[in-house]
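coords23.cif follows; it contains mmCIF, C-alpha atoms.
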```
data_run
loop_
_atom_site.group_PDB
_atom_site.id
_atom_site.type_symbol
_atom_site.label_atom_id
_atom_site.label_comp_id
_atom_site.auth_asym_id
_atom_site.auth_seq_id
_atom_site.Cartn_x
_atom_site.Cartn_y
_atom_site.Cartn_z
ATOM 1 C CA MET A 235 21.099 64.045 -8.432
ATOM 2 C CA THR A 236 22.657 65.407 -11.614
ATOM 3 C CA LEU A 237 26.122 66.983 -11.618
ATOM 4 C CA ALA A 238 26.633 70.218 -13.527
ATOM 5 C CA SER A 239 29.523 72.530 -14.317
ATOM 6 C CA GLY A 240 28.699 74.871 -11.499
ATOM 7 C CA ALA A 241 25.390 75.984 -10.038
ATOM 8 C CA THR A 242 25.052 78.664 -12.720
ATOM 9 C CA GLU A 243 24.918 75.974 -15.392
ATOM 10 C CA ALA A 244 22.436 73.985 -13.311
ATOM 11 C CA LEU A 245 20.217 77.065 -12.959
ATOM 12 C CA PHE A 246 20.371 77.683 -16.702
ATOM 13 C CA VAL A 247 19.538 74.063 -17.517
ATOM 14 C CA ALA A 248 16.610 73.920 -15.060
ATOM 15 C CA ILE A 249 15.143 77.092 -16.539
ATOM 16 C CA GLN A 250 15.485 75.807 -20.113
ATOM 17 C CA ALA A 251 13.931 72.497 -19.072
ATOM 18 C CA ILE A 252 10.783 73.973 -17.557
ATOM 19 C CA VAL A 253 10.114 77.447 -19.021
ATOM 20 C CA ARG A 254 8.228 77.677 -22.314
ATOM 21 C CA ALA A 255 7.590 80.612 -24.619
ATOM 22 C CA GLY A 256 5.100 82.974 -23.016
ATOM 23 C CA ASP A 257 5.443 81.565 -19.493
ATOM 24 C CA GLU A 258 5.748 83.917 -16.550
ATOM 25 C CA VAL A 259 8.405 83.408 -13.874
ATOM 26 C CA ILE A 260 8.279 85.105 -10.488
ATOM 27 C CA LEU A 261 11.615 86.405 -9.212
ATOM 28 C CA LEU A 262 12.207 87.947 -5.815
ATOM 29 C CA ASP A 263 14.368 91.062 -6.118
ATOM 30 C CA PRO A 264 17.199 91.537 -5.432
ATOM 31 C CA ALA A 265 18.047 88.488 -7.529
ATOM 32 C CA TYR A 266 21.238 86.859 -8.802
ATOM 33 C CA ASP A 267 22.018 88.231 -12.234
ATOM 34 C CA SER A 268 21.969 84.968 -14.213
ATOM 35 C CA TYR A 269 18.270 84.267 -13.629
ATOM 36 C CA GLU A 270 16.617 86.765 -15.953
ATOM 37 C CA PRO A 271 18.792 86.244 -19.072
ATOM 38 C CA ALA A 272 18.182 82.491 -18.925
ATOM 39 C CA ILE A 273 14.426 83.040 -18.554
ATOM 40 C CA LYS A 274 14.343 85.422 -21.510
ATOM 41 C CA LEU A 275 16.367 82.998 -23.627
ATOM 42 C CA ALA A 276 13.727 80.336 -22.921
ATOM 43 C CA GLY A 277 11.022 82.745 -24.114
ATOM 44 C CA GLY A 278 9.710 83.483 -20.639
ATOM 45 C CA HIS A 279 8.788 86.737 -18.951
ATOM 46 C CA CYS A 280 9.894 87.846 -15.483
ATOM 47 C CA LYS A 281 7.613 89.203 -12.795
ATOM 48 C CA ARG A 282 9.921 90.733 -10.219
ATOM 49 C CA ILE A 283 8.678 91.243 -6.663
ATOM 50 C CA ALA A 284 10.849 93.560 -4.571
ATOM 51 C CA LEU A 285 12.123 92.542 -1.149
ATOM 52 C CA LEU A 286 12.594 95.747 0.793
ATOM 53 C CA PRO A 287 15.212 96.875 3.308
ATOM 54 C CA PRO A 288 16.120 96.520 6.048
ATOM 55 C CA HIS A 289 14.801 92.983 6.545
ATOM 56 C CA TYR A 290 14.142 91.833 2.953
ATOM 57 C CA LYS A 291 11.344 89.518 4.042
ATOM 58 C CA PRO A 292 9.041 88.103 1.332
ATOM 59 C CA ASP A 293 5.457 89.327 1.386
ATOM 60 C CA TRP A 294 3.693 86.100 0.463
ATOM 61 C CA GLN A 295 0.357 87.806 -0.117
ATOM 62 C CA GLN A 296 1.986 90.158 -2.608
ATOM 63 C CA ILE A 297 3.670 87.206 -4.265
ATOM 64 C CA ALA A 298 0.386 85.280 -4.422
ATOM 65 C CA ASP A 299 -1.320 88.309 -5.972
ATOM 66 C CA ALA A 300 1.311 88.301 -8.732
ATOM 67 C CA VAL A 301 0.429 84.775 -9.853
ATOM 68 C CA SER A 302 -1.562 84.625 -13.089
ATOM 69 C CA SER A 303 -2.772 81.920 -15.452
ATOM 70 C CA LYS A 304 0.568 82.230 -17.262
ATOM 71 C CA THR A 305 2.744 81.756 -14.176
ATOM 72 C CA ARG A 306 4.712 78.515 -14.435
ATOM 73 C CA LEU A 307 7.683 78.929 -12.124
ATOM 74 C CA ILE A 308 8.866 80.765 -9.023
ATOM 75 C CA MET A 309 12.570 81.066 -8.239
ATOM 76 C CA VAL A 310 13.804 81.439 -4.665
ATOM 77 C CA ASN A 311 17.242 81.693 -3.114
ATOM 78 C CA SER A 312 17.985 80.913 0.537
ATOM 79 C CA PRO A 313 20.445 81.682 2.044
ATOM 80 C CA HIS A 314 20.104 84.727 -0.150
ATOM 81 C CA ASN A 315 22.617 86.532 -2.296
ATOM 82 C CA PRO A 316 22.933 89.499 -1.954
ATOM 83 C CA THR A 317 20.954 90.236 1.230
ATOM 84 C CA ALA A 318 22.320 87.419 3.466
ATOM 85 C CA THR A 319 18.794 86.615 4.672
ATOM 86 C CA VAL A 320 17.559 83.065 5.329
ATOM 87 C CA PHE A 321 14.048 81.688 4.859
ATOM 88 C CA ALA A 322 12.231 80.693 8.025
ATOM 89 C CA ASP A 323 10.068 77.584 8.248
ATOM 90 C CA SER A 324 7.021 79.798 7.709
ATOM 91 C CA ASP A 325 8.482 81.044 4.402
ATOM 92 C CA TRP A 326 9.031 77.529 3.089
ATOM 93 C CA ARG A 327 5.516 76.517 4.109
ATOM 94 C CA ALA A 328 4.035 79.584 2.423
ATOM 95 C CA LEU A 329 5.957 78.745 -0.746
ATOM 96 C CA GLU A 330 4.802 75.125 -0.572
ATOM 97 C CA ALA A 331 1.149 76.171 -0.231
ATOM 98 C CA LEU A 332 1.453 78.675 -3.069
ATOM 99 C CA ALA A 333 3.099 76.172 -5.419
ATOM 100 C CA GLU A 334 0.489 73.518 -4.638
ATOM 101 C CA LYS A 335 -2.466 75.870 -5.042
ATOM 102 C CA HIS A 336 -1.364 77.199 -8.418
ATOM 103 C CA ASN A 337 0.476 74.100 -9.697
ATOM 104 C CA LEU A 338 3.776 75.974 -9.960
ATOM 105 C CA TYR A 339 7.256 74.624 -10.418
ATOM 106 C CA VAL A 340 10.018 75.894 -8.135
ATOM 107 C CA ILE A 341 13.721 76.422 -8.639
ATOM 108 C CA SER A 342 15.362 76.672 -5.235
ATOM 109 C CA ASP A 343 18.867 78.130 -5.421
ATOM 110 C CA GLU A 344 20.570 76.793 -2.292
ATOM 111 C CA VAL A 345 24.245 77.269 -3.147
ATOM 112 C CA TYR A 346 24.957 78.693 0.332
ATOM 113 C CA GLU A 347 22.968 75.924 2.051
ATOM 114 C CA HIS A 348 25.676 75.096 4.614
ATOM 115 C CA ILE A 349 26.530 78.718 5.436
ATOM 116 C CA VAL A 350 23.750 79.417 7.919
ATOM 117 C CA PHE A 351 24.325 81.020 11.295
ATOM 118 C CA GLU A 352 21.657 81.428 13.972
ATOM 119 C CA ARG A 353 18.702 79.973 12.071
ATOM 120 C CA GLU A 354 18.045 76.276 11.413
ATOM 121 C CA ARG A 355 19.217 75.141 7.977
ATOM 122 C CA LEU A 356 16.160 74.363 5.854
ATOM 123 C CA GLY A 357 15.587 73.872 2.154
ATOM 124 C CA ALA A 358 12.912 72.922 -0.337
ATOM 125 C CA ASN A 359 13.572 69.196 0.039
ATOM 126 C CA ALA A 360 12.545 69.346 3.712
ATOM 127 C CA TYR A 361 8.922 69.865 2.586
ATOM 128 C CA PRO A 362 7.543 66.816 0.725
ATOM 129 C CA ALA A 363 4.896 68.567 -1.356
ATOM 130 C CA LEU A 364 7.402 71.248 -2.335
ATOM 131 C CA ALA A 365 10.136 68.735 -3.158
ATOM 132 C CA GLU A 366 7.801 67.027 -5.646
ATOM 133 C CA ARG A 367 7.789 70.114 -7.874
ATOM 134 C CA SER A 368 11.249 71.569 -7.220
ATOM 135 C CA PHE A 369 14.679 71.710 -8.792
ATOM 136 C CA VAL A 370 17.039 72.169 -5.817
ATOM 137 C CA ILE A 371 20.391 73.511 -6.950
ATOM 138 C CA SER A 372 23.589 73.777 -4.959
ATOM 139 C CA SER A 373 27.343 74.153 -5.357
ATOM 140 C CA PHE A 374 30.286 72.080 -4.193
ATOM 141 C CA GLY A 375 32.430 75.085 -5.034
ATOM 142 C CA LYS A 376 30.789 77.189 -2.326
ATOM 143 C CA THR A 377 30.932 74.329 0.184
ATOM 144 C CA PHE A 378 34.583 73.403 -0.361
ATOM 145 C CA HIS A 379 36.069 76.877 -1.043
ATOM 146 C CA ALA A 380 36.693 75.967 -4.703
ATOM 147 C CA THR A 381 34.333 78.175 -6.706
ATOM 148 C CA GLY A 382 36.605 78.201 -9.762
ATOM 149 C CA TRP A 383 36.287 74.436 -10.099
ATOM 150 C CA LYS A 384 32.673 74.866 -11.235
ATOM 151 C CA LEU A 385 31.023 71.758 -9.886
ATOM 152 C CA GLY A 386 27.380 72.045 -8.868
ATOM 153 C CA TYR A 387 24.381 69.767 -8.789
ATOM 154 C CA CYS A 388 20.623 69.585 -9.147
ATOM 155 C CA ILE A 389 18.331 67.407 -7.037
ATOM 156 C CA ALA A 390 14.840 66.877 -8.444
ATOM 157 C CA PRO A 391 12.168 64.169 -8.711
ATOM 158 C CA ALA A 392 12.727 61.541 -11.414
ATOM 159 C CA ASP A 393 10.418 63.163 -13.973
ATOM 160 C CA LEU A 394 11.977 66.606 -13.547
ATOM 161 C CA SER A 395 15.500 65.158 -13.505
ATOM 162 C CA ALA A 396 14.775 63.444 -16.836
ATOM 163 C CA GLU A 397 13.837 66.798 -18.393
ATOM 164 C CA PHE A 398 16.856 68.479 -16.783
ATOM 165 C CA ARG A 399 19.222 65.878 -18.271
ATOM 166 C CA LYS A 400 17.804 66.305 -21.769
ATOM 167 C CA VAL A 401 19.073 69.895 -21.720
ATOM 168 C CA HIS A 402 22.247 69.251 -19.710
ATOM 169 C CA GLN A 403 23.255 66.595 -22.294
ATOM 170 C CA PHE A 404 23.757 69.332 -24.874
ATOM 171 C CA VAL A 405 25.088 72.132 -22.672
ATOM 172 C CA THR A 406 28.202 70.661 -21.048
ATOM 173 C CA PHE A 407 27.414 66.922 -21.130
ATOM 174 C CA THR A 408 29.811 66.232 -18.265
ATOM 175 C CA SER A 409 31.974 68.031 -15.711
ATOM 176 C CA PHE A 410 35.679 67.428 -15.411
ATOM 177 C CA THR A 411 36.617 64.216 -13.676
ATOM 178 C CA LEU A 412 39.294 65.418 -11.259
ATOM 179 C CA ALA A 413 36.862 67.709 -9.449
ATOM 180 C CA GLN A 414 34.372 64.863 -9.082
ATOM 181 C CA TYR A 415 37.006 62.604 -7.504
ATOM 182 C CA ALA A 416 38.137 65.411 -5.191
ATOM 183 C CA VAL A 417 34.600 66.200 -4.045
ATOM 184 C CA ALA A 418 33.824 62.513 -3.533
ATOM 185 C CA ASP A 419 36.932 62.191 -1.368
ATOM 186 C CA MET A 420 35.905 65.199 0.726
ATOM 187 C CA LEU A 421 32.378 63.867 1.214
ATOM 188 C CA ASN A 422 33.562 60.360 2.085
ATOM 189 C CA HIS A 423 36.501 61.221 4.322
ATOM 190 C CA HIS A 424 36.174 64.852 5.433
ATOM 191 C CA SER A 425 32.452 65.424 5.843
ATOM 192 C CA ASP A 426 33.195 67.299 9.076
ATOM 193 C CA GLU A 427 34.321 70.186 6.854
ATOM 194 C CA VAL A 428 30.739 70.569 5.638
ATOM 195 C CA HIS A 429 29.279 70.607 9.143
ATOM 196 C CA ALA A 430 31.881 73.131 10.306
ATOM 197 C CA LEU A 431 31.203 75.585 7.497
ATOM 198 C CA GLY A 432 28.618 77.647 9.385
ATOM 199 C CA ASN A 433 30.938 78.247 12.333
ATOM 200 C CA PHE A 434 33.854 78.949 9.994
ATOM 201 C CA TYR A 435 32.036 81.835 8.329
ATOM 202 C CA ARG A 436 30.241 82.971 11.492
ATOM 203 C CA GLU A 437 33.616 83.799 13.019
ATOM 204 C CA LYS A 438 34.555 85.830 9.955
ATOM 205 C CA ARG A 439 31.192 87.609 9.968
ATOM 206 C CA ASP A 440 31.535 88.507 13.635
ATOM 207 C CA CYS A 441 35.113 89.686 13.129
ATOM 208 C CA PHE A 442 34.117 92.024 10.321
ATOM 209 C CA ILE A 443 30.884 93.331 11.839
ATOM 210 C CA ASN A 444 32.526 93.945 15.214
ATOM 211 C CA ALA A 445 35.375 95.824 13.544
ATOM 212 C CA MET A 446 32.851 97.911 11.599
ATOM 213 C CA GLN A 447 31.276 99.206 14.822
ATOM 214 C CA ALA A 448 33.938 101.908 14.764
ATOM 215 C CA SER A 449 32.609 103.149 11.422
ATOM 216 C CA ARG A 450 29.574 105.196 10.459
ATOM 217 C CA PHE A 451 28.161 102.315 8.424
ATOM 218 C CA HIS A 452 25.029 100.681 9.810
ATOM 219 C CA MET A 453 25.504 96.934 9.458
ATOM 220 C CA LEU A 454 22.393 94.899 8.641
ATOM 221 C CA ASP A 455 21.793 91.377 9.908
ATOM 222 C CA SER A 456 23.666 88.610 8.105
ATOM 223 C CA GLY A 457 21.921 85.294 8.696
ATOM 224 C CA GLY A 458 23.765 83.257 6.068
ATOM 225 C CA THR A 459 26.125 83.318 3.049
ATOM 226 C CA TYR A 460 29.468 85.139 3.339
ATOM 227 C CA PHE A 461 28.004 88.562 2.655
ATOM 228 C CA ALA A 462 27.031 91.479 4.873
ATOM 229 C CA LEU A 463 25.003 94.528 3.896
ATOM 230 C CA ALA A 464 25.894 97.997 5.094
ATOM 231 C CA ASP A 465 23.822 101.184 5.039
ATOM 232 C CA TYR A 466 26.082 104.155 4.236
ATOM 233 C CA SER A 467 23.411 106.880 4.374
ATOM 234 C CA ALA A 468 25.162 108.519 7.358
ATOM 235 C CA ILE A 469 28.282 108.915 5.207
ATOM 236 C CA SER A 470 27.160 109.970 1.734
ATOM 237 C CA ASP A 471 24.148 110.895 -0.413
ATOM 238 C CA ALA A 472 25.771 109.388 -3.501
ATOM 239 C CA ASP A 473 24.015 106.565 -5.325
ATOM 240 C CA ASP A 474 25.365 103.117 -4.508
ATOM 241 C CA LEU A 475 27.201 102.622 -7.809
ATOM 242 C CA SER A 476 29.076 105.904 -7.428
ATOM 243 C CA PHE A 477 29.759 105.182 -3.776
ATOM 244 C CA CYS A 478 31.244 101.769 -4.585
ATOM 245 C CA LYS A 479 33.492 103.286 -7.246
ATOM 246 C CA THR A 480 34.747 105.803 -4.682
ATOM 247 C CA LEU A 481 35.395 103.071 -2.119
ATOM 248 C CA THR A 482 37.454 101.087 -4.594
ATOM 249 C CA ARG A 483 39.399 103.914 -6.218
ATOM 250 C CA GLU A 484 40.050 106.138 -3.210
ATOM 251 C CA HIS A 485 40.004 103.773 -0.233
ATOM 252 C CA GLY A 486 41.070 100.409 -1.644
ATOM 253 C CA VAL A 487 37.985 98.490 -0.461
ATOM 254 C CA ALA A 488 35.637 96.813 -2.936
ATOM 255 C CA ALA A 489 31.876 96.580 -2.399
ATOM 256 C CA ILE A 490 28.929 95.728 -4.636
ATOM 257 C CA PRO A 491 26.023 98.163 -5.158
ATOM 258 C CA LEU A 492 22.733 96.492 -4.253
ATOM 259 C CA SER A 493 20.794 98.313 -6.964
ATOM 260 C CA VAL A 494 22.313 96.142 -9.719
ATOM 261 C CA PHE A 495 20.349 93.140 -8.390
ATOM 262 C CA TYR A 496 16.985 94.923 -8.792
ATOM 263 C CA GLU A 497 14.718 95.742 -11.699
ATOM 264 C CA THR A 498 13.450 98.798 -9.780
ATOM 265 C CA PRO A 499 15.771 99.543 -6.848
ATOM 266 C CA PRO A 500 14.254 100.964 -3.658
ATOM 267 C CA ASP A 501 15.382 104.354 -2.410
ATOM 268 C CA SER A 502 18.188 103.228 -0.129
ATOM 269 C CA ARG A 503 21.926 103.562 0.377
ATOM 270 C CA ILE A 504 23.079 99.977 0.878
ATOM 271 C CA VAL A 505 26.103 98.051 -0.383
ATOM 272 C CA ARG A 506 27.265 94.453 -0.052
ATOM 273 C CA PHE A 507 30.592 93.414 1.462
ATOM 274 C CA CYS A 508 32.105 89.939 1.261
ATOM 275 C CA PHE A 509 33.763 88.565 4.417
ATOM 276 C CA ALA A 510 35.166 85.376 2.874
ATOM 277 C CA LYS A 511 38.632 86.769 3.584
ATOM 278 C CA ARG A 512 41.500 86.313 6.013
ATOM 279 C CA GLU A 513 40.961 87.956 9.389
ATOM 280 C CA GLN A 514 43.686 90.527 8.866
ATOM 281 C CA THR A 515 42.183 91.507 5.515
ATOM 282 C CA LEU A 516 38.817 92.078 7.204
ATOM 283 C CA LEU A 517 40.397 94.162 9.953
ATOM 284 C CA ASP A 518 42.363 96.228 7.432
ATOM 285 C CA ALA A 519 39.220 96.859 5.370
ATOM 286 C CA ALA A 520 37.228 97.890 8.446
ATOM 287 C CA SER A 521 40.020 100.245 9.467
ATOM 288 C CA LYS A 522 39.921 101.967 6.073
ATOM 289 C CA LEU A 523 36.135 102.193 6.140
ATOM 290 C CA SER A 524 36.106 103.636 9.663
ATOM 291 C CA ILE A 525 37.730 106.870 8.543
ATOM 292 C CA LEU A 526 34.852 107.732 6.229
#
```

Would it be possible to restate this file's structure as structure tokens?
Amino acid sequence: MTLASGATEALFVAIQAIVRAGDEVILLDPAYDSYEPAIKLAGGHCKRIALLPPHYKPDWQQIADAVSSKTRLIMVNSPHNPTATVFADSDWRALEALAEKHNLYVISDEVYEHIVFERERLGANAYPALAERSFVISSFGKTFHATGWKLGYCIAPADLSAEFRKVHQFVTFTSFTLAQYAVADMLNHHSDEVHALGNFYREKRDCFINAMQASRFHMLDSGGTYFALADYSAISDADDLSFCKTLTREHGVAAIPLSVFYETPPDSRIVRFCFAKREQTLLDAASKLSIL
């Protein structure tokens, strides 16, 4: 394991360590916004495969068809930001088979790994052949409610870790000591906090989604993370960016337009809410949204 100054740094370092000029990288849209700039900086090219509403399930045949002789890497994210979906065992096995067949590397962004609700928590390291070719990246900040502390990590085989550290050495070199001591103390003496994280956020999810039943939003399934998607097509024909601006300016509730995570957004009216808030804040937000 290699510590990094947040998962975003770890993602950047892994990309710089493995992507060469002219390489192709498969991204599953919607995708976190730091992926593509880091790939371009390394000289790579993105092939973006759209995950479509309402279920945002990967089409592994479509993904396989996108692989070419230039494809070097595929990036996945489960639990997924922004759609709150979680890979099933069948998804991980399909990814493992694809990576083995085409000799691909994998970056598995698992920063929300402990925030899983109904589905079993699985990751790339649970599949031996996949683990051999993967950089698995996660975040202590997400796990311990301390995102501003910027302490993440990368787990990879020895040969990949060696390449990762060559880049990390000249990006941040080290992460600040106090956070490392604090995280070590939590892991050694309060590990129950990690195991309780799923239930902690499940209660918040259920509070918010139940309160939103009084609204005209259609709430999509949230299987992990602390996000929930909402379809507002019964309320407005406005594009999602305009709709989010209206929510913030006129109703005092912030949401994120899903289109900003896509290269080519699908024709939908869906926004992302965050329920990592106090219960009363969630109830107040739902009350404001229910008058729309």

TODO: Tell me which protein, DNA and RNA residues are within 12 Å of Ala328 in chain A, counting all atoms listed in the file, leaving out same-chain ones fewer than 3 positions away, and put them as a ChimeraX atom specification.
DONE: /A:292-298,321-325,331-335,358,361,363-364

Okay, now the selection with C-alpha atoms, as a PDB file, in the coordinates of the input?
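As written to disk, out.pdb reads:
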```
ATOM      1  CA  PRO A 292       9.041  88.103   1.332  1.00  0.00           C
ATOM      2  CA  ASP A 293       5.457  89.327   1.386  1.00  0.00           C
ATOM      3  CA  TRP A 294       3.693  86.100   0.463  1.00  0.00           C
ATOM      4  CA  GLN A 295       0.357  87.806  -0.117  1.00  0.00           C
ATOM      5  CA  GLN A 296       1.986  90.158  -2.608  1.00  0.00           C
ATOM      6  CA  ILE A 297       3.670  87.206  -4.265  1.00  0.00           C
ATOM      7  CA  ALA A 298       0.386  85.280  -4.422  1.00  0.00           C
ATOM      8  CA  PHE A 321      14.048  81.688   4.859  1.00  0.00           C
ATOM      9  CA  ALA A 322      12.231  80.693   8.025  1.00  0.00           C
ATOM     10  CA  ASP A 323      10.068  77.584   8.248  1.00  0.00           C
ATOM     11  CA  SER A 324       7.021  79.798   7.709  1.00  0.00           C
ATOM     12  CA  ASP A 325       8.482  81.044   4.402  1.00  0.00           C
ATOM     13  CA  ALA A 331       1.149  76.171  -0.231  1.00  0.00           C
ATOM     14  CA  LEU A 332       1.453  78.675  -3.069  1.00  0.00           C
ATOM     15  CA  ALA A 333       3.099  76.172  -5.419  1.00  0.00           C
ATOM     16  CA  GLU A 334       0.489  73.518  -4.638  1.00  0.00           C
ATOM     17  CA  LYS A 335      -2.466  75.870  -5.042  1.00  0.00           C
ATOM     18  CA  ALA A 358      12.912  72.922  -0.337  1.00  0.00           C
ATOM     19  CA  TYR A 361       8.922  69.865   2.586  1.00  0.00           C
ATOM     20  CA  ALA A 363       4.896  68.567  -1.356  1.00  0.00           C
ATOM     21  CA  LEU A 364       7.402  71.248  -2.335  1.00  0.00           C
TER      22      LEU A 364
END
```

If you count only C-alpha atoms, which residues fall within 10 Å of Ala519 in chain A, apart from same-chain ones fewer than 6 positions away, as a PDB file with C-alpha atoms, in the frame of the given file?
```pdb
ATOM      1  CA  PHE A 442      34.117  92.024  10.321  1.00  0.00           C
ATOM      2  CA  ALA A 445      35.375  95.824  13.544  1.00  0.00           C
ATOM      3  CA  MET A 446      32.851  97.911  11.599  1.00  0.00           C
ATOM      4  CA  HIS A 485      40.004 103.773  -0.233  1.00  0.00           C
ATOM      5  CA  GLY A 486      41.070 100.409  -1.644  1.00  0.00           C
ATOM      6  CA  VAL A 487      37.985  98.490  -0.461  1.00  0.00           C
ATOM      7  CA  ALA A 488      35.637  96.813  -2.936  1.00  0.00           C
ATOM      8  CA  PHE A 509      33.763  88.565   4.417  1.00  0.00           C
ATOM      9  CA  GLU A 513      40.961  87.956   9.389  1.00  0.00           C
TER      10      GLU A 513
END
```

- [ ] Run the PyMOL selection byres ((chain A and resi 259-269) around 8) on the file and write out the hits as a ChimeraX atom specification.
- [x] /A:242,245-246,257-258,270-273,278-285,292,300-301,305-310,315-317,492-493,495-497

Task: Expected selection from the PyMOL selection byres ((chain A and resi 373) around 9), given as JSON, numbers by chain - done: {"A": [240, 241, 242, 344, 345, 346, 347, 371, 372, 374, 375, 376, 377, 378, 381, 384, 385, 386, 387, 388]}

TODO: Rank A:Pro287, A:Pro313, A:Gly256, A:Pro500 by their smallest atom-to-atom distance to Leu463 in chain A, using all atoms listed in the file, and report the top residue only.
DONE: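 Ranked by minimum distance to Leu463 in chain A, first place goes to A:Pro287.
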
Task: For Leu431 in chain A, the nearest of the candidates A:Ser521, A:Ser368, A:Thr459, A:Ser303, counting all atoms listed in the file - done: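 Of all the options, A:Thr459 lies closest to Leu431 in chain A.
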
Task: Of the listed residues A:Pro391, A:Ile469, A:Ala248, A:Trp383, that which approaches Asp343 in chain A most closely, counting only C-alpha atoms - done: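 Checking each of A:Pro391, A:Ile469, A:Ala248, A:Trp383 against Asp343 in chain A, counting only C-alpha atoms, the winner is A:Ala248.
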
Box along x, y and z, 6 Å on every side, all listed atoms of range 427-444 of chain A inside: centre and edge lengths in Å to one decimal, as lines of an AutoDock Vina configuration file.
```
center_x = 31.9
center_y = 82.1
center_z = 10.4
size_x = 18.5
size_y = 35.8
size_z = 21.6
```

Open item on the list: Just to confirm, what's the straight-line distance from CA of Ala464 in chain A to CA of Arg353 in chain A in Å (one decimal)?
Closed with: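 Atom-to-atom, CA of Ala464 in chain A to CA of Arg353 in chain A, that is 20.6 Å.
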
Task: CA of Gly432 in chain A to CA of Leu356 in chain A, straight-line distance in Å - done: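 A separation of 13.4 Å between them.
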
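Atom pair CA of Ser239 in chain A / CA of Gln414 in chain A: separated by 10.5 Å.
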
Task: Nearest to Ile389 in chain A by atom-to-atom distance, counting all atoms listed in the file, from A:Tyr415, A:Phe461, A:Phe434, A:Phe369 - done: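 Once distances to Ile389 in chain A are computed over all atoms listed in the file, the minimum belongs to A:Phe369.
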
TODO: Find, counting only C-alpha atoms, the residue in A:Asn359, A:Thr319, A:Ser302, A:Asn444 that gets nearest to Leu516 in chain A.
DONE: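 The closest residue to Leu516 in chain A is A:Asn444.
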
- [ ] Determine the nearest neighbour of Asp393 in chain A from the options A:Gly458, A:Tyr290, A:Met420, A:Ile252, counting only C-alpha atoms.
- [x] A:Ile252

TODO: Can you pull out every residue within 10 Å of Phe477 in chain A, counting all atoms listed in the file, but drop anything in the same chain fewer than 5 positions away, and send it as an MDAnalysis selection string?
DONE: chainID A and resid 466 469:472 482 489:491 503:505

- [ ] Would you write out, as an MDAnalysis selection string, every residue that the PyMOL selection byres ((chain A and resi 405) around 10) captures in this file?
- [x] chainID A and resid 238:239 243:244 246:247 399:404 406:408

Have range 389-400 of chain A completed to N, CA and C atoms, please, and pass it along as a compact mmCIF listing (two decimals), in the coordinates of the input.
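The resulting file, out_29.txt, is shown below:
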```txt
# COMPACT_ATOMS: atom_id res chain seq x y z
N ILE A 389 19.14 68.49 -7.58
CA ILE A 389 18.33 67.41 -7.04
C ILE A 389 16.88 67.69 -7.40
N ALA A 390 16.23 66.71 -8.02
CA ALA A 390 14.84 66.88 -8.44
C ALA A 390 14.19 65.51 -8.53
N PRO A 391 12.85 65.45 -8.51
CA PRO A 391 12.17 64.17 -8.71
C PRO A 391 12.55 63.55 -10.06
N ALA A 392 12.28 62.27 -10.22
CA ALA A 392 12.73 61.54 -11.41
C ALA A 392 12.23 62.18 -12.70
N ASP A 393 10.95 62.60 -12.73
CA ASP A 393 10.42 63.16 -13.97
C ASP A 393 11.07 64.50 -14.31
N LEU A 394 11.32 65.33 -13.30
CA LEU A 394 11.98 66.61 -13.55
C LEU A 394 13.46 66.42 -13.87
N SER A 395 14.09 65.46 -13.21
CA SER A 395 15.50 65.16 -13.50
C SER A 395 15.67 64.69 -14.95
N ALA A 396 14.71 63.91 -15.45
CA ALA A 396 14.78 63.44 -16.84
C ALA A 396 14.75 64.62 -17.81
N GLU A 397 13.89 65.61 -17.54
CA GLU A 397 13.84 66.80 -18.39
C GLU A 397 15.11 67.63 -18.26
N PHE A 398 15.61 67.75 -17.04
CA PHE A 398 16.86 68.48 -16.78
C PHE A 398 17.99 67.87 -17.60
N ARG A 399 18.11 66.56 -17.60
CA ARG A 399 19.22 65.88 -18.27
C ARG A 399 19.14 65.98 -19.79
N LYS A 400 17.94 66.12 -20.33
CA LYS A 400 17.80 66.31 -21.77
C LYS A 400 18.49 67.59 -22.23
```
